[in-house]
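**Student:** Okay, so here is run_1.txt, and as you'll see once you scroll down, it has compact mmCIF, C-alpha atoms and all ligand atoms.
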```txt
# COMPACT_ATOMS: atom_id res chain seq x y z
CA MET L 20 38.90 -16.57 0.16
CA ASP L 21 39.76 -20.24 -0.07
CA ILE L 22 36.65 -21.83 1.45
CA ASN L 23 38.09 -25.33 1.47
CA ASN L 24 41.06 -24.14 3.51
CA ILE L 25 38.79 -22.18 5.83
CA ARG L 26 36.63 -25.28 6.38
CA LYS L 27 39.71 -27.26 7.42
CA ASP L 28 40.09 -24.88 10.37
CA PHE L 29 36.74 -25.98 11.84
CA PRO L 30 37.06 -29.40 13.52
CA ILE L 31 33.28 -29.87 13.67
CA LEU L 32 33.18 -29.82 9.85
CA GLU L 33 35.12 -33.08 9.76
CA ASP L 34 31.57 -34.43 9.59
CA LYS L 35 31.16 -33.87 5.85
CA THR L 36 27.40 -34.43 6.01
CA LEU L 37 26.84 -31.48 8.37
CA VAL L 38 25.28 -28.32 6.88
CA TYR L 39 25.45 -25.60 9.50
CA LEU L 40 23.07 -22.73 8.69
CA ASP L 41 22.61 -21.38 12.22
CA THR L 42 25.48 -18.93 12.57
CA ALA L 43 23.08 -16.15 13.60
CA ALA L 44 22.46 -18.18 16.78
CA SER L 45 26.13 -19.05 17.29
CA SER L 46 29.03 -19.53 14.91
CA LEU L 47 31.24 -22.60 14.71
CA LYS L 48 34.71 -22.22 16.25
CA PRO L 49 38.01 -22.53 14.36
CA ILE L 50 40.95 -24.49 15.76
CA GLN L 51 42.90 -21.24 16.30
CA VAL L 52 40.33 -20.16 18.91
CA ILE L 53 40.12 -23.60 20.51
CA ASP L 54 43.94 -23.71 20.69
CA LYS L 55 44.04 -20.34 22.43
CA LEU L 56 41.72 -21.60 25.18
CA ASP L 57 43.87 -24.70 25.44
CA GLU L 58 47.05 -22.59 25.68
CA TYR L 59 45.60 -20.56 28.56
CA TYR L 60 44.45 -23.59 30.55
CA LYS L 61 47.64 -25.57 29.91
CA LYS L 62 50.27 -22.84 30.24
CA TYR L 63 49.13 -19.94 32.45
CA GLY L 64 45.58 -20.72 33.60
CA VAL L 65 45.54 -18.53 36.71
CA ASN L 66 43.68 -15.41 37.81
CA VAL L 67 44.33 -11.89 36.46
CA HIS L 68 44.97 -8.55 38.24
CA ARG L 69 45.54 -10.31 41.58
CA GLY L 70 48.59 -12.54 41.69
CA VAL L 71 52.02 -10.98 42.24
CA TYR L 72 53.84 -13.75 40.47
CA ASN L 73 54.96 -14.43 36.94
CA LEU L 74 52.11 -16.70 35.77
CA SER L 75 49.55 -14.16 36.87
CA PHE L 76 51.46 -11.39 35.09
CA ILE L 77 51.36 -13.46 31.89
CA ALA L 78 47.60 -14.13 32.25
CA THR L 79 46.94 -10.43 32.95
CA GLU L 80 49.04 -9.34 29.99
CA GLN L 81 47.18 -11.75 27.68
CA TYR L 82 43.79 -10.62 29.00
CA GLU L 83 44.57 -6.93 28.47
CA LYS L 84 46.09 -7.69 25.08
CA ALA L 85 42.71 -9.17 24.10
CA ARG L 86 41.03 -5.95 25.24
CA ARG L 87 43.42 -3.90 23.07
CA LYS L 88 42.59 -6.16 20.14
CA VAL L 89 38.84 -5.63 20.65
CA ALA L 90 39.39 -1.86 20.94
CA SER L 91 41.30 -1.75 17.68
CA PHE L 92 38.71 -4.05 15.99
CA ILE L 93 36.02 -1.37 16.42
CA ASN L 94 38.32 1.70 16.52
CA ALA L 95 37.74 2.40 20.23
CA THR L 96 40.21 3.05 23.03
CA PHE L 97 41.29 0.52 25.65
CA GLU L 98 39.30 2.16 28.52
CA GLU L 99 36.11 2.10 26.45
CA ILE L 100 35.98 -1.72 26.22
CA ILE L 101 34.17 -3.62 28.98
CA PHE L 102 34.16 -7.40 28.91
CA THR L 103 30.76 -8.90 29.76
CA ARG L 104 29.12 -12.34 29.57
CA GLY L 105 27.63 -11.55 26.17
CA ALA L 106 25.66 -8.96 24.22
CA SER L 107 22.67 -9.42 26.56
CA SER L 108 24.66 -8.48 29.70
CA ALA L 109 26.30 -5.60 27.85
CA LEU L 110 22.94 -4.13 26.77
CA ASN L 111 21.53 -4.66 30.28
CA LEU L 112 24.50 -2.80 31.72
CA VAL L 113 23.66 0.27 29.64
CA ALA L 114 20.00 0.24 30.69
CA SER L 115 20.67 -0.47 34.37
CA SER L 116 23.55 1.93 34.80
CA TYR L 117 22.89 4.76 32.33
CA GLY L 118 19.12 4.36 31.96
CA LEU L 119 18.08 4.00 35.58
CA ASN L 120 20.31 6.87 36.67
CA ASN L 121 19.58 9.41 33.96
CA LEU L 122 15.93 9.03 32.93
CA THR L 123 12.79 10.42 34.52
CA LYS L 124 9.07 10.30 33.81
CA ASP L 125 9.29 13.24 31.39
CA ASP L 126 11.76 11.45 29.10
CA GLU L 127 11.27 9.20 26.08
CA ILE L 128 13.16 6.11 24.93
CA ILE L 129 12.94 5.19 21.24
CA VAL L 130 13.04 1.46 20.50
CA THR L 131 12.07 -0.61 17.46
CA GLU L 132 10.10 -3.78 16.81
CA LEU L 133 13.25 -5.19 15.18
CA GLU L 134 15.02 -5.40 18.55
CA HIS L 135 16.08 -8.68 20.08
CA HIS L 136 14.54 -9.14 23.56
CA SER L 137 17.94 -8.20 25.00
CA HIS L 138 17.54 -4.69 23.66
CA VAL L 139 13.90 -4.07 24.46
CA LEU L 140 13.25 -5.76 27.81
CA PRO L 141 16.00 -3.82 29.67
CA TRP L 142 14.43 -0.57 28.41
CA GLN L 143 10.93 -1.78 29.37
CA ASN L 144 12.36 -2.25 32.85
CA VAL L 145 13.83 1.27 32.84
CA SER L 146 10.49 2.61 31.66
CA ASN L 147 8.59 0.75 34.42
CA ILE L 148 10.94 2.01 37.14
CA THR L 149 11.53 5.60 36.02
CA GLY L 150 8.23 6.33 34.25
CA ALA L 151 10.09 7.28 31.05
CA LYS L 152 7.94 6.53 28.01
CA LEU L 153 8.83 3.81 25.48
CA VAL L 154 8.20 5.04 21.95
CA TYR L 155 8.20 2.61 19.00
CA LEU L 156 9.67 3.74 15.72
CA PRO L 157 7.19 2.65 13.00
CA LEU L 158 8.79 0.22 10.54
CA ASP L 159 8.18 0.71 6.81
CA GLU L 160 6.23 -1.79 4.69
CA GLU L 161 9.28 -4.09 4.36
CA GLY L 162 9.93 -3.95 8.10
CA ARG L 163 12.88 -1.57 7.80
CA ILE L 164 13.96 1.38 9.89
CA THR L 165 13.88 4.55 7.81
CA ILE L 166 15.22 7.97 8.67
CA ASP L 167 11.89 9.62 7.89
CA ASN L 168 10.14 7.31 10.36
CA PHE L 169 12.87 7.93 12.91
CA LYS L 170 12.38 11.69 12.54
CA SER L 171 8.64 11.19 13.12
CA VAL L 172 9.25 9.89 16.67
CA LEU L 173 12.37 11.85 17.65
CA THR L 174 11.45 14.74 19.96
CA ASP L 175 13.05 17.08 22.48
CA LYS L 176 12.01 14.52 25.10
CA THR L 177 14.02 11.67 23.54
CA LYS L 178 16.86 10.77 25.88
CA VAL L 179 17.81 7.32 24.61
CA VAL L 180 17.60 5.57 21.24
CA ALA L 181 18.00 1.77 21.40
CA VAL L 182 18.48 0.34 17.93
CA THR L 183 19.79 -2.84 16.38
CA HIS L 184 22.62 -2.57 13.85
CA VAL L 185 21.47 -5.73 12.02
CA SER L 186 18.14 -7.47 12.71
CA ASN L 187 18.54 -11.15 13.64
CA VAL L 188 15.27 -12.02 11.87
CA MET L 189 15.19 -9.75 8.81
CA GLY L 190 18.94 -9.25 8.30
CA TYR L 191 18.41 -5.55 7.52
CA ILE L 192 21.24 -3.12 8.24
CA SER L 193 19.99 -0.03 10.10
CA PRO L 194 21.14 3.49 9.13
CA ILE L 195 23.01 3.88 12.42
CA LYS L 196 25.21 6.83 11.46
CA GLU L 197 22.28 9.02 10.43
CA ILE L 198 20.26 7.96 13.49
CA VAL L 199 23.14 8.89 15.79
CA LYS L 200 23.60 12.28 14.13
CA LEU L 201 19.92 13.19 14.50
CA ALA L 202 19.70 11.80 18.06
CA HIS L 203 22.73 13.83 19.13
CA GLU L 204 21.15 17.01 17.77
CA LYS L 205 18.38 16.40 20.35
CA GLY L 206 20.89 15.55 23.10
CA ALA L 207 19.91 11.84 23.19
CA VAL L 208 22.35 8.95 23.51
CA VAL L 209 22.28 5.94 21.17
CA SER L 210 22.73 2.32 22.25
CA VAL L 211 23.56 0.03 19.32
CA ASP L 212 23.04 -3.74 19.41
CA ALA L 213 25.78 -5.01 17.10
CA ALA L 214 25.44 -8.72 17.95
CA GLN L 215 24.57 -9.55 14.32
CA ALA L 216 26.82 -6.87 12.82
CA ALA L 217 30.23 -7.44 14.42
CA PRO L 218 30.77 -10.91 12.85
CA HIS L 219 29.92 -9.68 9.35
CA THR L 220 30.72 -6.01 8.79
CA LYS L 221 33.47 -3.58 9.75
CA ILE L 222 32.44 -1.45 12.73
CA ASP L 223 34.06 1.90 13.43
CA VAL L 224 32.63 3.51 16.57
CA ILE L 225 34.29 6.84 15.80
CA ASP L 226 32.71 6.97 12.38
CA LEU L 227 29.30 5.85 13.74
CA ASP L 228 29.73 8.20 16.73
CA CYS L 229 27.41 5.93 18.75
CA ASP L 230 27.47 6.19 22.54
CA PHE L 231 27.21 2.48 23.38
CA LEU L 232 27.65 -0.62 21.24
CA ALA L 233 27.42 -4.28 22.25
CA PHE L 234 28.27 -7.66 20.73
CA SER L 235 28.94 -11.31 21.65
CA GLY L 236 32.05 -13.40 21.08
CA HIS L 237 30.27 -16.64 20.23
CA LYS L 238 28.59 -15.29 17.07
CA MET L 239 31.95 -14.22 15.61
CA LEU L 240 33.98 -17.44 15.93
CA GLY L 241 34.85 -16.76 19.58
CA PRO L 242 33.93 -18.69 22.72
CA THR L 243 30.64 -18.53 24.59
CA GLY L 244 30.56 -16.55 27.84
CA ILE L 245 32.24 -13.39 26.54
CA GLY L 246 30.73 -10.21 25.18
CA VAL L 247 31.77 -6.63 24.73
CA LEU L 248 30.30 -3.31 25.69
CA PHE L 249 31.80 -0.22 24.09
CA GLY L 250 30.89 3.01 25.86
CA LYS L 251 32.19 6.52 25.23
CA LYS L 252 34.76 7.44 27.87
CA ASN L 253 32.92 10.52 29.19
CA LEU L 254 29.69 8.53 29.65
CA LEU L 255 31.35 5.55 31.34
CA LYS L 256 33.10 7.95 33.72
CA GLU L 257 29.78 9.20 35.10
CA MET L 258 28.01 5.81 35.16
CA PRO L 259 27.82 3.83 38.41
CA PRO L 260 28.68 0.13 38.56
CA ILE L 261 25.72 -2.28 38.67
CA GLU L 262 27.55 -5.22 40.21
CA PHE L 263 29.75 -4.95 43.27
CA GLY L 264 32.54 -7.18 44.56
CA GLY L 265 36.17 -8.06 44.07
CA ASP L 266 38.53 -6.12 41.81
CA MET L 267 36.14 -3.28 40.85
CA ASN L 268 36.82 -1.22 43.96
CA ASP L 269 39.54 1.11 45.24
CA ASN L 270 39.22 1.85 48.95
CA VAL L 271 36.66 -0.04 51.06
CA ASP L 272 35.44 1.23 54.43
CA LYS L 273 32.68 -0.18 56.62
CA PHE L 274 29.93 2.02 55.17
CA ASP L 275 31.45 3.37 52.00
CA ALA L 276 33.74 2.46 49.12
CA SER L 277 35.21 3.96 45.96
CA TRP L 278 35.47 2.44 42.50
CA LYS L 279 38.21 1.95 39.96
CA ASP L 280 37.91 3.78 36.65
CA ALA L 281 36.19 2.16 33.67
CA PRO L 282 36.41 -0.50 32.40
CA TYR L 283 37.33 -2.14 35.73
CA LYS L 284 34.46 -0.75 37.82
CA PHE L 285 32.12 -2.71 35.54
CA GLU L 286 34.06 -6.00 35.70
CA THR L 287 33.70 -7.39 39.19
CA GLY L 288 34.76 -10.92 40.08
CA THR L 289 37.06 -13.18 38.15
CA PRO L 290 36.44 -12.26 34.52
CA PRO L 291 36.04 -14.67 31.57
CA ILE L 292 39.81 -14.88 31.01
CA ALA L 293 40.10 -17.83 28.62
CA GLU L 294 37.08 -16.52 26.75
CA ALA L 295 38.62 -13.05 26.29
CA LEU L 296 41.78 -14.65 24.91
CA GLY L 297 39.66 -16.79 22.58
CA LEU L 298 37.82 -13.70 21.39
CA GLY L 299 41.20 -12.09 20.62
CA ALA L 300 42.11 -15.15 18.51
CA ALA L 301 38.72 -14.93 16.74
CA ILE L 302 39.38 -11.29 15.87
CA ASP L 303 42.79 -12.22 14.43
CA TYR L 304 41.06 -14.87 12.33
CA LEU L 305 38.36 -12.50 11.04
CA GLU L 306 40.82 -9.71 10.30
CA ASN L 307 43.04 -12.10 8.44
CA ILE L 308 40.20 -12.88 6.04
CA GLY L 309 38.88 -9.30 6.04
CA LEU L 310 35.36 -8.25 7.07
CA GLU L 311 34.64 -6.89 3.58
CA ASN L 312 35.45 -10.28 2.03
CA ILE L 313 33.29 -12.04 4.61
CA HIS L 314 30.30 -9.81 3.92
CA LYS L 315 30.71 -10.15 0.16
CA TYR L 316 30.87 -13.95 0.35
CA GLU L 317 27.80 -14.24 2.60
CA ILE L 318 25.84 -12.08 0.19
CA GLU L 319 26.87 -14.38 -2.69
CA LEU L 320 25.57 -17.42 -0.80
CA LYS L 321 22.39 -15.63 0.25
CA ASP L 322 21.64 -14.30 -3.27
CA TYR L 323 22.20 -17.74 -4.77
CA THR L 324 19.92 -19.43 -2.24
CA MET L 325 17.25 -16.72 -2.28
CA LYS L 326 16.94 -16.99 -6.07
CA LYS L 327 16.38 -20.75 -5.83
CA LEU L 328 14.00 -20.52 -2.86
CA LYS L 329 11.88 -17.95 -4.71
CA GLU L 330 11.34 -20.49 -7.48
CA ILE L 331 9.81 -23.04 -5.08
CA GLU L 332 6.04 -22.99 -4.79
CA ASP L 333 4.53 -22.69 -1.31
CA ILE L 334 7.56 -20.94 0.19
CA GLU L 335 6.91 -17.64 1.91
CA ILE L 336 10.02 -15.44 2.30
CA TYR L 337 9.78 -12.53 4.74
CA ASN L 338 12.94 -10.59 3.93
CA LEU L 339 13.38 -10.70 0.17
CA THR L 340 15.61 -7.60 0.16
CA THR L 341 17.75 -8.57 3.16
CA ASP L 342 21.18 -6.90 3.37
CA THR L 343 23.04 -9.80 5.02
CA GLY L 344 23.27 -13.59 5.03
CA ILE L 345 19.97 -14.18 6.85
CA ILE L 346 16.85 -15.65 5.20
CA SER L 347 13.59 -15.90 7.16
CA PHE L 348 10.88 -17.99 5.59
CA ASN L 349 8.17 -20.59 6.04
CA ILE L 350 6.75 -23.49 4.07
CA LYS L 351 3.08 -22.55 3.69
CA GLY L 352 0.86 -24.56 6.02
CA VAL L 353 3.78 -26.25 7.79
CA HIS L 354 4.73 -25.35 11.33
CA PRO L 355 8.42 -24.32 11.38
CA HIS L 356 9.15 -26.80 14.19
CA ASP L 357 7.88 -29.65 11.98
CA ALA L 358 9.96 -28.39 9.08
CA ILE L 359 13.09 -28.03 11.22
CA THR L 360 12.77 -31.65 12.33
CA TYR L 361 12.70 -32.65 8.67
CA PHE L 362 15.87 -30.61 7.97
CA ASP L 363 17.58 -32.12 11.00
CA GLY L 364 17.00 -35.52 9.38
CA ASP L 365 19.21 -34.25 6.52
CA ASN L 366 21.80 -33.03 9.07
CA ILE L 367 20.96 -29.40 8.26
CA CYS L 368 21.07 -27.13 11.34
CA MET L 369 18.82 -24.08 11.26
CA ARG L 370 16.68 -22.19 13.70
CA ALA L 371 12.90 -22.15 13.94
CA GLY L 372 10.84 -20.03 16.30
CA HIS L 373 10.59 -16.37 17.25
CA HIS L 374 14.38 -15.96 17.52
CA CYS L 375 14.03 -14.07 20.83
CA ALA L 376 12.53 -11.23 18.81
CA GLN L 377 8.78 -11.66 19.29
CA LEU L 378 7.94 -8.09 18.32
CA VAL L 379 9.08 -8.49 14.73
CA ILE L 380 7.44 -11.93 14.51
CA LYS L 381 4.20 -10.25 15.59
CA TRP L 382 4.83 -7.44 13.10
CA LEU L 383 5.12 -10.13 10.39
CA GLU L 384 1.82 -11.58 11.66
CA VAL L 385 3.17 -15.13 11.80
CA LEU L 386 3.63 -17.61 14.66
CA ALA L 387 7.29 -18.25 13.98
CA THR L 388 9.75 -18.50 11.09
CA LEU L 389 12.48 -20.73 9.79
CA ARG L 390 15.81 -18.95 9.59
CA ALA L 391 18.87 -19.91 7.55
CA SER L 392 22.04 -17.91 8.15
CA PHE L 393 25.26 -18.20 6.17
CA TYR L 394 28.90 -17.66 7.09
CA ILE L 395 32.43 -18.11 5.80
CA TYR L 396 32.45 -21.90 6.11
CA ASN L 397 29.29 -22.49 4.04
CA THR L 398 29.48 -23.49 0.39
CA ILE L 399 27.33 -23.32 -2.75
CA GLU L 400 26.97 -27.12 -2.55
CA GLU L 401 25.45 -26.70 0.92
CA CYS L 402 23.05 -24.07 -0.44
CA ASP L 403 21.95 -26.62 -3.06
CA LYS L 404 21.53 -29.31 -0.42
CA PHE L 405 19.46 -26.92 1.67
CA VAL L 406 17.21 -25.90 -1.24
CA SER L 407 16.70 -29.53 -2.19
CA SER L 408 15.78 -30.38 1.42
CA VAL L 409 13.26 -27.51 1.46
CA LYS L 410 11.62 -28.91 -1.71
CA GLN L 411 11.52 -32.41 -0.27
CA ALA L 412 10.10 -31.16 3.03
CA ARG L 413 7.39 -29.25 1.15
CA ASP L 414 6.54 -32.40 -0.88
CA PHE L 415 6.55 -34.62 2.19
CA PHE L 416 4.24 -32.41 4.26
CA LYS L 417 1.93 -31.96 1.27
CA SER L 418 1.79 -35.73 0.76
CA VAL L 419 0.70 -36.29 4.37
CA GLY L 420 -2.02 -33.71 4.00
CA PHE L 421 -0.69 -30.51 5.58
N1 LIG P 501 20.48 -13.93 18.97
C1 LIG P 501 19.65 -15.73 17.57
O1 LIG P 501 19.47 -16.91 17.32
P1 LIG P 501 23.64 -13.26 23.49
O2 LIG P 501 22.68 -14.38 23.60
O3 LIG P 501 23.68 -12.40 24.73
O4 LIG P 501 24.98 -13.67 23.00
O5 LIG P 501 23.08 -12.33 22.29
C2 LIG P 501 21.82 -11.75 22.39
C3 LIG P 501 21.45 -11.09 21.10
C4 LIG P 501 21.33 -9.72 21.07
N2 LIG P 501 21.02 -9.07 19.93
C5 LIG P 501 20.82 -9.73 18.77
C6 LIG P 501 20.51 -8.94 17.54
C7 LIG P 501 20.91 -11.11 18.74
O6 LIG P 501 20.70 -11.75 17.59
C8 LIG P 501 21.22 -11.82 19.93
C9 LIG P 501 21.25 -13.31 19.95
C10 LIG P 501 20.50 -15.37 18.79
O7 LIG P 501 19.20 -14.82 16.87
C11 LIG P 501 20.12 -16.13 20.00
S1 LIG P 501 18.54 -15.69 20.64
```
Show me, as structure tokens, the structure contained in the file I just sent.
Ligand code: C6P

**Tutor:**
Amino acid sequence: MDINNIRKDFPILEDKTLVYLDTAASSLKPIQVIDKLDEYYKKYGVNVHRGVYNLSFIATEQYEKARRKVASFINATFEEIIFTRGASSALNLVASSYGLNNLTKDDEIIVTELEHHSHVLPWQNVSNITGAKLVYLPLDEEGRITIDNFKSVLTDKTKVVAVTHVSNVMGYISPIKEIVKLAHEKGAVVSVDAAQAAPHTKIDVIDLDCDFLAFSGHKMLGPTGIGVLFGKKNLLKEMPPIEFGGDMNDNVDKFDASWKDAPYKFETGTPPIAEALGLGAAIDYLENIGLENIHKYEIELKDYTMKKLKEIEDIEIYNLTTDTGIISFNIKGVHPHDAITYFDGDNICMRAGHHCAQLVIKWLEVLATLRASFYIYNTIEECDKFVSSVKQARDFFKSVGF
């Protein structure tokens, strides 16, 4: 990986003072993705699936080509890929369509405190409406999901397991394959939140054997406004649509209508066309570098930074053994929002807060954390700048009596 060449692809990095450590919230976008959006709007920016004219055929072909690219990216088939607004809408679709129509008061849904709100609130809603019981998998002392703890909550009543592939606060990788195997033995389906996994690790839905899997384009170099839901063909076939309108229907009568097959019955209205094309370009970019290389490089940056952070007094790190490029920490006695303002003064972008994952923040027994997340465009020099800014922030807040 030639990092200097990679950095040249990101127009925003023309600002040489910028240190972007907030990829877990949203990645920067390379010129190849921006150009693809530009190409669509300049050359064939019309609607898909509707127009019987050449420009519309081109737009439709490009849109479906992007779907094929996504399918191949995670080893799924074309019909199993639904385009959504993002990971949140994809995960909501599973809960609203599968959950509300298959669960009853005698069933149990296993969730974890590592889940982003997008993967726990939809299941809370299902639980409130159907009476199905939410069961929390106990995390181990590091905050990880273990198979033994999973076995302790898995019962004959379990109908759904909702689990994150990679935690957006702790950066831990969950043992998805083993969880799926055990869940299937009980006849439960598994919904995987891969929002923090897809940009960083190779996903193979056949190997994982998961039933549903969701991710967002904007965290993996793609545009905002596009996400993906993978669902196994046999499950999608039986699931009803949750939104109704143009393009998702077959015949429409006054009091009745019929739906197209998946994925189209779940994609009503004009879809995010430019965004899907941009996501396709992002996948080309990632595959060109190789997901294994990306993961390896992030770990190098994280290990380097973690080692230096550990040496600083008054720094509390919450995920010392993290498996990915995410570090969650605090400067003792300093509110993360104060610290983040200090870092902003050094043009370092990071996130502070509960990261839309309040359950794990409560599990950590803190108010909020600082979070640095690394990606392919970050450098060792930036890690040094970050560590030095952390030291200076600590000294500054100490000097003013925090
Ligand atoms: N996490 C973060 O800063 P959307 O917003 O729909 O693209 O993705 C939601 C989502 C779902 N699952 C996980 C594990 C996530 O990390 C996110 C988004 C961002 O951590 C924004 S809150």

**Student:** Which one is closest to ligand LIG 501 (chain P): L:Gly105, L:Gly244, L:Pro218, L:Pro30? Count only C-alpha atoms and all ligand atoms.

**Tutor:** L:Gly105

**Student:** Would you tabulate, counting only C-alpha atoms and all ligand atoms, all residues of chain L that have an atom at most 6 Å from an atom of ligand LIG 501 (chain P), showing the closest pair of atoms and their distance in Å to one decimal, sorted by chain then ascending number, as CSV?

**Tutor:**
```
residue,atom,partner,partner_atom,distance
L:Ala43,CA,P:LIG501,O1,5.2
L:Ala44,CA,P:LIG501,O1,3.3
L:Gly105,CA,P:LIG501,O3,4.3
L:Ala106,CA,P:LIG501,O3,4.0
L:Ser107,CA,P:LIG501,O3,3.6
L:His135,CA,P:LIG501,N2,5.0
L:Ser137,CA,P:LIG501,C4,5.4
L:Ser186,CA,P:LIG501,C6,5.6
L:Asn187,CA,P:LIG501,O6,4.5
L:Asp212,CA,P:LIG501,N2,5.7
L:Ala214,CA,P:LIG501,C5,4.8
L:Gln215,CA,P:LIG501,C6,5.2
L:Ser235,CA,P:LIG501,O4,4.8
L:His374,CA,P:LIG501,O7,5.0
L:Cys375,CA,P:LIG501,S1,4.8
```

**Student:** Fewer than 6 positions away in the same chain doesn't count, so skip those; otherwise give me all residues within 7 Å of range 302-311 of chain L, counting all atoms listed in the file, as an NGL selection string.

**Tutor:** :L and (219-221)

**Student:** Can I get the selection written as a CSV table (one decimal), keeping the file's coordinate frame, with C-alpha atoms?

**Tutor:**
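Output below, filename part12.csv:
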```csv
chain,number,residue,atom,x,y,z
L,219,HIS,CA,29.9,-9.7,9.4
L,220,THR,CA,30.7,-6.0,8.8
L,221,LYS,CA,33.5,-3.6,9.8
```

**Student:** What's around range 377-391 of chain L at 10 Å? Count only C-alpha atoms, leave out sequence neighbours fewer than 5 positions away in its own chain, and write the answer as a VMD selection string.

**Tutor:** chain L and resid 39 to 44 131 to 136 139 158 161 to 162 186 to 189 321 324 335 to 337 344 to 350 354 to 356 358 to 359 367 to 372 402 405

**Student:** Extract, using all atoms listed in the file, all DNA, RNA and protein residues at most 12 Å from Gly206 in chain L, discarding same-chain residues fewer than 4 positions from it, and format them as a PyMOL selection string.

**Tutor:** chain L and resi 126-127+173-180+199-202+230

**Student:** How many Å separate CA of Thr103 in chain L from CA of Lys196 in chain L?

**Tutor:**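 CA of Thr103 in chain L sits 24.8 Å away from CA of Lys196 in chain L.
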
**Student:** Using Å and a single decimal, report how far CA of Lys152 in chain L sits from CA of Gly190 in chain L.

**Tutor:**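 Separating CA of Gly190 in chain L from CA of Lys152 in chain L is a distance of 27.5 Å.
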
**Student:** For Gly236 in chain L, find every residue with an atom within 6 Å (counting only C-alpha atoms), except residues of its own chain fewer than 2 positions away, and show them as number ranges by chain.

**Tutor:** L: 238-239, 241-242, 245-246, 298

**Student:** Place N, CA, C and O atoms on range 267-279 of chain L and deliver the coordinates as a tab-separated table (two decimals), keeping the file's coordinate frame.

**Tutor:**
```
chain	number	residue	atom	x	y	z
L	267	MET	N	36.71	-4.48	41.49
L	267	MET	CA	36.14	-3.28	40.85
L	267	MET	C	36.29	-2.06	41.75
L	267	MET	O	35.95	-0.96	41.36
L	268	ASN	N	36.78	-2.29	42.97
L	268	ASN	CA	36.82	-1.22	43.96
L	268	ASN	C	38.23	-0.66	44.17
L	268	ASN	O	39.21	-1.33	43.88
L	269	ASP	N	38.28	0.58	44.71
L	269	ASP	CA	39.54	1.11	45.24
L	269	ASP	C	39.52	0.88	46.74
L	269	ASP	O	39.64	-0.22	47.21
L	270	ASN	N	39.23	1.97	47.49
L	270	ASN	CA	39.22	1.85	48.95
L	270	ASN	C	37.87	1.32	49.43
L	270	ASN	O	36.83	1.70	48.91
L	271	VAL	N	37.91	0.46	50.47
L	271	VAL	CA	36.66	-0.04	51.06
L	271	VAL	C	36.66	0.25	52.55
L	271	VAL	O	37.57	-0.16	53.27
L	272	ASP	N	35.66	1.01	53.00
L	272	ASP	CA	35.44	1.23	54.43
L	272	ASP	C	34.17	0.50	54.84
L	272	ASP	O	33.49	-0.07	54.00
L	273	LYS	N	33.85	0.58	56.14
L	273	LYS	CA	32.68	-0.18	56.62
L	273	LYS	C	31.38	0.25	55.94
L	273	LYS	O	30.52	-0.57	55.64
L	274	PHE	N	31.23	1.54	55.70
L	274	PHE	CA	29.93	2.02	55.17
L	274	PHE	C	30.06	2.72	53.82
L	274	PHE	O	29.12	3.31	53.32
L	275	ASP	N	31.22	2.64	53.23
L	275	ASP	CA	31.45	3.37	52.00
L	275	ASP	C	32.61	2.72	51.22
L	275	ASP	O	33.43	2.02	51.82
L	276	ALA	N	32.62	2.98	49.94
L	276	ALA	CA	33.74	2.46	49.12
L	276	ALA	C	33.89	3.33	47.89
L	276	ALA	O	32.99	4.10	47.54
L	277	SER	N	35.03	3.22	47.23
L	277	SER	CA	35.21	3.96	45.96
L	277	SER	C	35.58	2.96	44.87
L	277	SER	O	36.07	1.86	45.16
L	278	TRP	N	35.32	3.37	43.62
L	278	TRP	CA	35.47	2.44	42.50
L	278	TRP	C	36.70	2.77	41.65
L	278	TRP	O	37.11	3.92	41.55
L	279	LYS	N	37.17	1.74	40.97
L	279	LYS	CA	38.21	1.95	39.96
L	279	LYS	C	37.58	2.68	38.77
L	279	LYS	O	36.35	2.75	38.65
```
